[in-house]
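Chemist: The structure follows.
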Amino acid sequence: MTAFRTLDDAGSLQGKRVLLRVDLNVPMEGERVTDATRIERIVPTIREIADGGGRVVLLAHFGRPKGKPVAADSLKQVVSALSDRLGRPVAFAEDCIGEAASSAVTALKDGDVLLLENTRFHAGEEKNEAGFVTALAANGDLYVNEAFSAAHRAHASTEGLAHVLPAYAGRLMQAELDALTKGLEAPSRPVIALVGGAKVSSKIDLLQNLVAKVDMLVIGGGMANTFLHAQGKAVGKSLCEKDLAETALRILDAAASAKCRIILPVDAVVAAEFKANAAHETVSVDAVSETGMILDAGPASVAEIDAAIDDAATLVWNGPLGAFELTPFDAATVAAARHAAERTKAGKLVSVAGGGDTVAALNHAGVADDFSYVSTAGGAFLEWLEGKVLPGVEALRVKG
């Protein structure tokens, strides 16, 4: 991790006011946090700073309040869950700048933790306004970014602060950057990428970037149907973006030029309707009927994917292979995920996965904890896979 400044470079934090940007945009049901994963992942860094005598000042956003205070988007509602997971009290300030914030920060003692109100209650946050950056910086001696999930946004609290205060990556950000480096930037080869999901249209940039970087690319889910159609195969009533057939062929040509092997389904699990436990059959992709709907990859396809994973040293995974939310059309995703997990546990594969559906699919397969790294950063992870520059990450990069 020499390419980025981390907490290891920050020196003593004793008595320092540490502005720690975190992701607390957690799902809520009433006043209850329904999934505390994001909270749990930031706890180690908060504790490290606090135990080192730092005064932790948490910055975060919640929801989309569009630059104005909205009661439903107040971070006050996550204080209890954060304090419970942290095992220590968390103070709260009614604003992230101004008198409310400065008074609360001034009251901190070494090792204390304070959460400031939603940064997006101010229009200057998303606009990355210099004045708002200055107002935020007034409450800190240094800045630590722990929110990779927001690193694709050039906002005041995710990018602006890194230019006006000494800036470092937190432990979660560090782990994320380390995993991503091992995934595509400096991977052990051969590299296989598995990309699934419903539509090619949402992942054109991703596919075009990957064919130039990986040795093997598995295309699954609904998007595989578009590629099969482009190759002249009938896909019946399956989800298919027929207007993108030429785009699919261009991606296949680019892969051939880059010597990237494309792996498409060779058989499919087909049903007449999109619902759990619908009557279904497994057929060759050359034998899908006019009324058939491809809902999953078949066992022969899974065997080919497993064999390719066996040949790889690194796996990058984004998206399911089929309609994994419906039984039994989760079979291919579950089987491939468990095979990758076994290879990882055996020390033969570095496996990096990310994206909302991907995390859900790996949890469904019971193997999320067995992958080398699973990112909860949906948009940022996808933009990184697409080869885009992430402003919040670049601001932490060691220059020169």
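Identifiers in the structure tokens: chain A, B, ... in order shown; residue index from 1 per chain; ligand index from 1 in order shown.
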Could I get the residues of region 324-343 of chain A with an atom no further than 8 Å from an atom of region 290-311 of chain A, each paired with its nearest atom pair and that distance in Å to one decimal, using only C-alpha atoms, sorted by chain and residue number, as a Markdown table?

Modeler:
```
| residue | atom | partner | partner_atom | distance |
| --- | --- | --- | --- | --- |
| A:Phe324 | CA | A:Asp296 | CA | 7.9 |
| A:Phe329 | CA | A:Asp296 | CA | 5.3 |
| A:Asp330 | CA | A:Asp296 | CA | 7.1 |
| A:Ala331 | CA | A:Asp296 | CA | 7.5 |
| A:Ala332 | CA | A:Ala297 | CA | 5.8 |
| A:Ala335 | CA | A:Val302 | CA | 7.3 |
| A:Ala336 | CA | A:Asp306 | CA | 6.3 |
| A:His339 | CA | A:Asp306 | CA | 6.6 |
| A:Ala340 | CA | A:Ile309 | CA | 6.8 |
| A:Arg343 | CA | A:Asp310 | CA | 7.5 |
```

Chemist: Using N, CA and C atoms, can you write the selected residues to a file as a PDB file, in the first residue's frame?

Modeler:
```pdb
ATOM      1  N   PHE A 324     -30.961 -15.256  -9.355  1.00  0.00           N
ATOM      2  CA  PHE A 324     -30.603 -15.943  -8.100  1.00  0.00           C
ATOM      3  C   PHE A 324     -31.603 -15.709  -6.981  1.00  0.00           C
ATOM      4  N   PHE A 329     -33.517 -21.000  -9.615  1.00  0.00           N
ATOM      5  CA  PHE A 329     -32.697 -20.338 -10.627  1.00  0.00           C
ATOM      6  C   PHE A 329     -31.489 -19.622 -10.004  1.00  0.00           C
ATOM      7  N   ASP A 330     -31.204 -20.023  -8.771  1.00  0.00           N
ATOM      8  CA  ASP A 330     -30.004 -19.550  -8.072  1.00  0.00           C
ATOM      9  C   ASP A 330     -28.856 -20.563  -8.167  1.00  0.00           C
ATOM     10  N   ALA A 331     -29.136 -21.708  -8.778  1.00  0.00           N
ATOM     11  CA  ALA A 331     -28.201 -22.836  -8.716  1.00  0.00           C
ATOM     12  C   ALA A 331     -26.822 -22.524  -9.294  1.00  0.00           C
ATOM     13  N   ALA A 332     -26.766 -21.890 -10.461  1.00  0.00           N
ATOM     14  CA  ALA A 332     -25.475 -21.628 -11.098  1.00  0.00           C
ATOM     15  C   ALA A 332     -24.648 -20.645 -10.281  1.00  0.00           C
ATOM     16  N   ALA A 335     -23.427 -22.398  -7.083  1.00  0.00           N
ATOM     17  CA  ALA A 335     -22.390 -23.408  -7.356  1.00  0.00           C
ATOM     18  C   ALA A 335     -21.049 -22.754  -7.687  1.00  0.00           C
ATOM     19  N   ALA A 336     -21.065 -21.756  -8.564  1.00  0.00           N
ATOM     20  CA  ALA A 336     -19.812 -21.094  -8.947  1.00  0.00           C
ATOM     21  C   ALA A 336     -19.206 -20.338  -7.771  1.00  0.00           C
ATOM     22  N   HIS A 339     -17.581 -22.782  -5.439  1.00  0.00           N
ATOM     23  CA  HIS A 339     -16.338 -23.310  -6.006  1.00  0.00           C
ATOM     24  C   HIS A 339     -15.210 -22.286  -5.852  1.00  0.00           C
ATOM     25  N   ALA A 340     -15.523 -21.021  -6.136  1.00  0.00           N
ATOM     26  CA  ALA A 340     -14.521 -19.961  -5.979  1.00  0.00           C
ATOM     27  C   ALA A 340     -14.088 -19.837  -4.521  1.00  0.00           C
ATOM     28  N   ARG A 343     -11.630 -22.620  -3.667  1.00  0.00           N
ATOM     29  CA  ARG A 343     -10.298 -22.329  -4.219  1.00  0.00           C
ATOM     30  C   ARG A 343      -9.586 -21.252  -3.394  1.00  0.00           C
TER      31      ARG A 343
END
```

Chemist: Write out as a PyMOL selection string the residues lying within 8 Å of region 196-198 of chain A, counting only C-alpha atoms and excluding same-chain residues fewer than 4 positions away.

Modeler: chain A and resi 219-224+239+318-322

Chemist: Report the closest atom pair, with its distance in Å rounded to one decimal, for each residue of region 144-253 of chain A that has an atom no farther than 8 Å from region 132-136 of chain A; count only C-alpha atoms, sort by chain and then rising residue number, and write it as a tab-separated table.

Modeler:
```
residue	atom	partner	partner_atom	distance
A:Ala156	CA	A:Val133	CA	5.4
A:Ser157	CA	A:Val133	CA	7.2
A:Gly160	CA	A:Val133	CA	6.0
A:Leu161	CA	A:Val133	CA	6.0
A:Val164	CA	A:Thr134	CA	7.8
```

Chemist: Using the selection just defined, write its residues with N, CA, C and O atoms as an mmCIF file, in the first residue's frame.

Modeler:
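Once everything was written out, this is again.cif:
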```
data_model
loop_
_atom_site.group_PDB
_atom_site.id
_atom_site.type_symbol
_atom_site.label_atom_id
_atom_site.label_comp_id
_atom_site.auth_asym_id
_atom_site.auth_seq_id
_atom_site.Cartn_x
_atom_site.Cartn_y
_atom_site.Cartn_z
ATOM 1 N N ALA A 156 -17.168 17.672 -0.966
ATOM 2 C CA ALA A 156 -16.310 18.361 0.004
ATOM 3 C C ALA A 156 -15.719 17.398 1.027
ATOM 4 O O ALA A 156 -14.528 17.443 1.333
ATOM 5 N N SER A 157 -16.550 16.506 1.555
ATOM 6 C CA SER A 157 -16.090 15.616 2.631
ATOM 7 C C SER A 157 -15.405 14.363 2.121
ATOM 8 O O SER A 157 -14.816 13.611 2.899
ATOM 9 N N GLY A 160 -12.547 17.169 -1.240
ATOM 10 C CA GLY A 160 -12.079 18.517 -0.947
ATOM 11 C C GLY A 160 -11.188 18.614 0.275
ATOM 12 O O GLY A 160 -10.136 19.268 0.249
ATOM 13 N N LEU A 161 -11.587 17.946 1.359
ATOM 14 C CA LEU A 161 -10.816 18.016 2.604
ATOM 15 C C LEU A 161 -9.396 17.469 2.448
ATOM 16 O O LEU A 161 -8.479 17.908 3.139
ATOM 17 N N VAL A 164 -6.804 20.176 1.844
ATOM 18 C CA VAL A 164 -6.560 21.281 2.786
ATOM 19 C C VAL A 164 -6.067 20.803 4.152
ATOM 20 O O VAL A 164 -5.645 21.614 4.966
#
```

Chemist: Can you pull out every residue within 9 Å of Val90 (chain A), counting only C-alpha atoms, but drop anything in the same chain fewer than 5 positions away, and send it as a list in words?

Modeler: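 The filter keeps Val79, Ser80, Leu82, Ser83, Asp112, Val113, Leu114 and Leu115 of chain A.
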
Chemist: Using N, CA and C atoms, can you write the selected residues to a file as a CSV table (one decimal), in the first residue's frame?

Modeler:
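File part_0.csv, as written:
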```csv
chain,number,residue,atom,x,y,z
A,79,VAL,N,-27.1,7.0,15.7
A,79,VAL,CA,-26.2,7.2,16.8
A,79,VAL,C,-26.3,6.0,17.8
A,80,SER,N,-27.5,5.5,18.1
A,80,SER,CA,-27.6,4.4,19.0
A,80,SER,C,-27.0,3.1,18.4
A,82,LEU,N,-24.6,2.9,16.2
A,82,LEU,CA,-23.2,3.1,16.1
A,82,LEU,C,-22.6,3.0,17.5
A,83,SER,N,-23.2,3.5,18.5
A,83,SER,CA,-22.7,3.4,19.9
A,83,SER,C,-22.7,2.0,20.4
A,112,ASP,N,-12.6,10.5,22.7
A,112,ASP,CA,-14.0,10.7,22.6
A,112,ASP,C,-14.4,10.5,21.1
A,113,VAL,N,-15.7,10.2,20.9
A,113,VAL,CA,-16.2,10.1,19.5
A,113,VAL,C,-17.4,11.0,19.3
A,114,LEU,N,-17.4,11.7,18.2
A,114,LEU,CA,-18.5,12.7,17.9
A,114,LEU,C,-19.0,12.4,16.5
A,115,LEU,N,-20.3,12.4,16.3
A,115,LEU,CA,-20.9,12.3,15.0
A,115,LEU,C,-21.5,13.7,14.6
```

Chemist: Which one is closest to Ala60 (chain A): A:Phe227, A:Phe274, A:Phe121, A:Phe4? Count only C-alpha atoms.

Modeler: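 Under the stated criterion, the closest residue is A:Phe121.
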
Chemist: Return the single residue from A:Leu194, A:Ala91, A:Val316, A:Leu20 that is closest to Pro166 (chain A), with distances computed using only C-alpha atoms.

Modeler: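 Between A:Leu194, A:Ala91, A:Val316, A:Leu20, the residue approaching Pro166 (chain A) most closely is A:Leu20.
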
Chemist: Give me the residues within 7 Å of Gly67 (chain A) as a compact mmCIF listing (two decimals) with all heavy atoms, in the first residue's frame, counting only C-alpha atoms and dropping any in the same chain fewer than 3 places off.

Modeler:
```txt
# COMPACT_ATOMS: atom_id res chain seq x y z
N ARG A 120 -24.73 16.40 3.70
CA ARG A 120 -25.54 16.78 2.54
C ARG A 120 -26.71 17.70 2.89
O ARG A 120 -27.52 18.04 2.02
CB ARG A 120 -26.04 15.52 1.82
CG ARG A 120 -24.93 14.77 1.11
CD ARG A 120 -25.46 13.67 0.22
NE ARG A 120 -24.38 12.91 -0.38
CZ ARG A 120 -24.54 11.82 -1.12
NH1 ARG A 120 -25.77 11.37 -1.36
NH2 ARG A 120 -23.51 11.17 -1.63
N PHE A 121 -26.80 18.12 4.16
CA PHE A 121 -27.77 19.15 4.52
C PHE A 121 -27.30 20.51 4.01
O PHE A 121 -28.01 21.51 4.13
CB PHE A 121 -27.96 19.20 6.03
CG PHE A 121 -28.89 18.12 6.57
CD1 PHE A 121 -29.44 17.16 5.75
CD2 PHE A 121 -29.20 18.07 7.92
CE1 PHE A 121 -30.28 16.17 6.24
CE2 PHE A 121 -30.05 17.09 8.43
CZ PHE A 121 -30.59 16.14 7.58
N HIS A 122 -26.09 20.56 3.47
CA HIS A 122 -25.53 21.79 2.91
C HIS A 122 -25.24 21.57 1.43
O HIS A 122 -24.61 20.58 1.05
CB HIS A 122 -24.24 22.18 3.63
CG HIS A 122 -24.44 22.52 5.08
ND1 HIS A 122 -24.68 23.80 5.52
CD2 HIS A 122 -24.47 21.73 6.18
CE1 HIS A 122 -24.82 23.79 6.85
NE2 HIS A 122 -24.71 22.54 7.27
N ALA A 123 -25.67 22.51 0.59
CA ALA A 123 -25.45 22.39 -0.86
C ALA A 123 -23.96 22.38 -1.20
O ALA A 123 -23.55 21.81 -2.21
CB ALA A 123 -26.14 23.54 -1.59
```

Chemist: Looking at only C-alpha atoms, which of A:Val214, A:His229, A:Gly170, A:Gly392 is the one that sits closest to Glu185 (chain A)?

Modeler: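 Closest to Glu185 (chain A), using only C-alpha atoms: A:Val214.
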
Chemist: Find, counting only C-alpha atoms, the residue in A:Leu172, A:Gly356, A:Ser351, A:Asp84 that gets nearest to Val191 (chain A).

Modeler: A:Ser351

Chemist: Which residues, written as a tab-separated table (two decimals) with all heavy atoms, in the first residue's frame, have at least one atom at most 8 Å from Leu210 (chain A), with only C-alpha atoms counted and residues fewer than 6 positions away on the same chain left out?

Modeler:
```tsv
chain	number	residue	atom	x	y	z
A	193	ALA	N	-12.58	-12.63	-14.83
A	193	ALA	CA	-13.64	-11.75	-14.34
A	193	ALA	C	-14.97	-12.42	-14.63
A	193	ALA	O	-15.16	-13.01	-15.70
A	193	ALA	CB	-13.57	-10.38	-15.00
A	217	LEU	N	-13.13	-13.88	-19.38
A	217	LEU	CA	-14.29	-13.11	-18.96
A	217	LEU	C	-15.55	-13.96	-19.09
A	217	LEU	O	-15.92	-14.36	-20.20
A	217	LEU	CB	-14.43	-11.84	-19.80
A	217	LEU	CG	-15.68	-10.99	-19.57
A	217	LEU	CD1	-15.75	-10.49	-18.12
A	217	LEU	CD2	-15.72	-9.80	-20.53
A	385	LEU	N	-14.08	-0.81	-11.56
A	385	LEU	CA	-14.01	-1.89	-12.55
A	385	LEU	C	-14.04	-1.33	-13.97
A	385	LEU	O	-13.46	-1.90	-14.88
A	385	LEU	CB	-15.19	-2.86	-12.37
A	385	LEU	CG	-15.11	-3.90	-11.25
A	385	LEU	CD1	-16.35	-4.77	-11.28
A	385	LEU	CD2	-13.86	-4.75	-11.36
A	386	GLU	N	-14.75	-0.21	-14.13
A	386	GLU	CA	-14.86	0.41	-15.46
A	386	GLU	C	-13.59	1.15	-15.85
A	386	GLU	O	-13.47	1.65	-16.97
A	386	GLU	CB	-16.04	1.37	-15.48
A	386	GLU	CG	-17.38	0.67	-15.41
A	386	GLU	CD	-18.55	1.64	-15.21
A	386	GLU	OE1	-18.29	2.84	-14.98
A	386	GLU	OE2	-19.71	1.18	-15.25
```

Chemist: For a quick check of understanding, using only C-alpha atoms, which of A:Leu326, A:Val359, A:Leu228, A:Val200 has the smallest distance to Thr247 (chain A)?

Modeler: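 Nearest to Thr247 (chain A): A:Val200.
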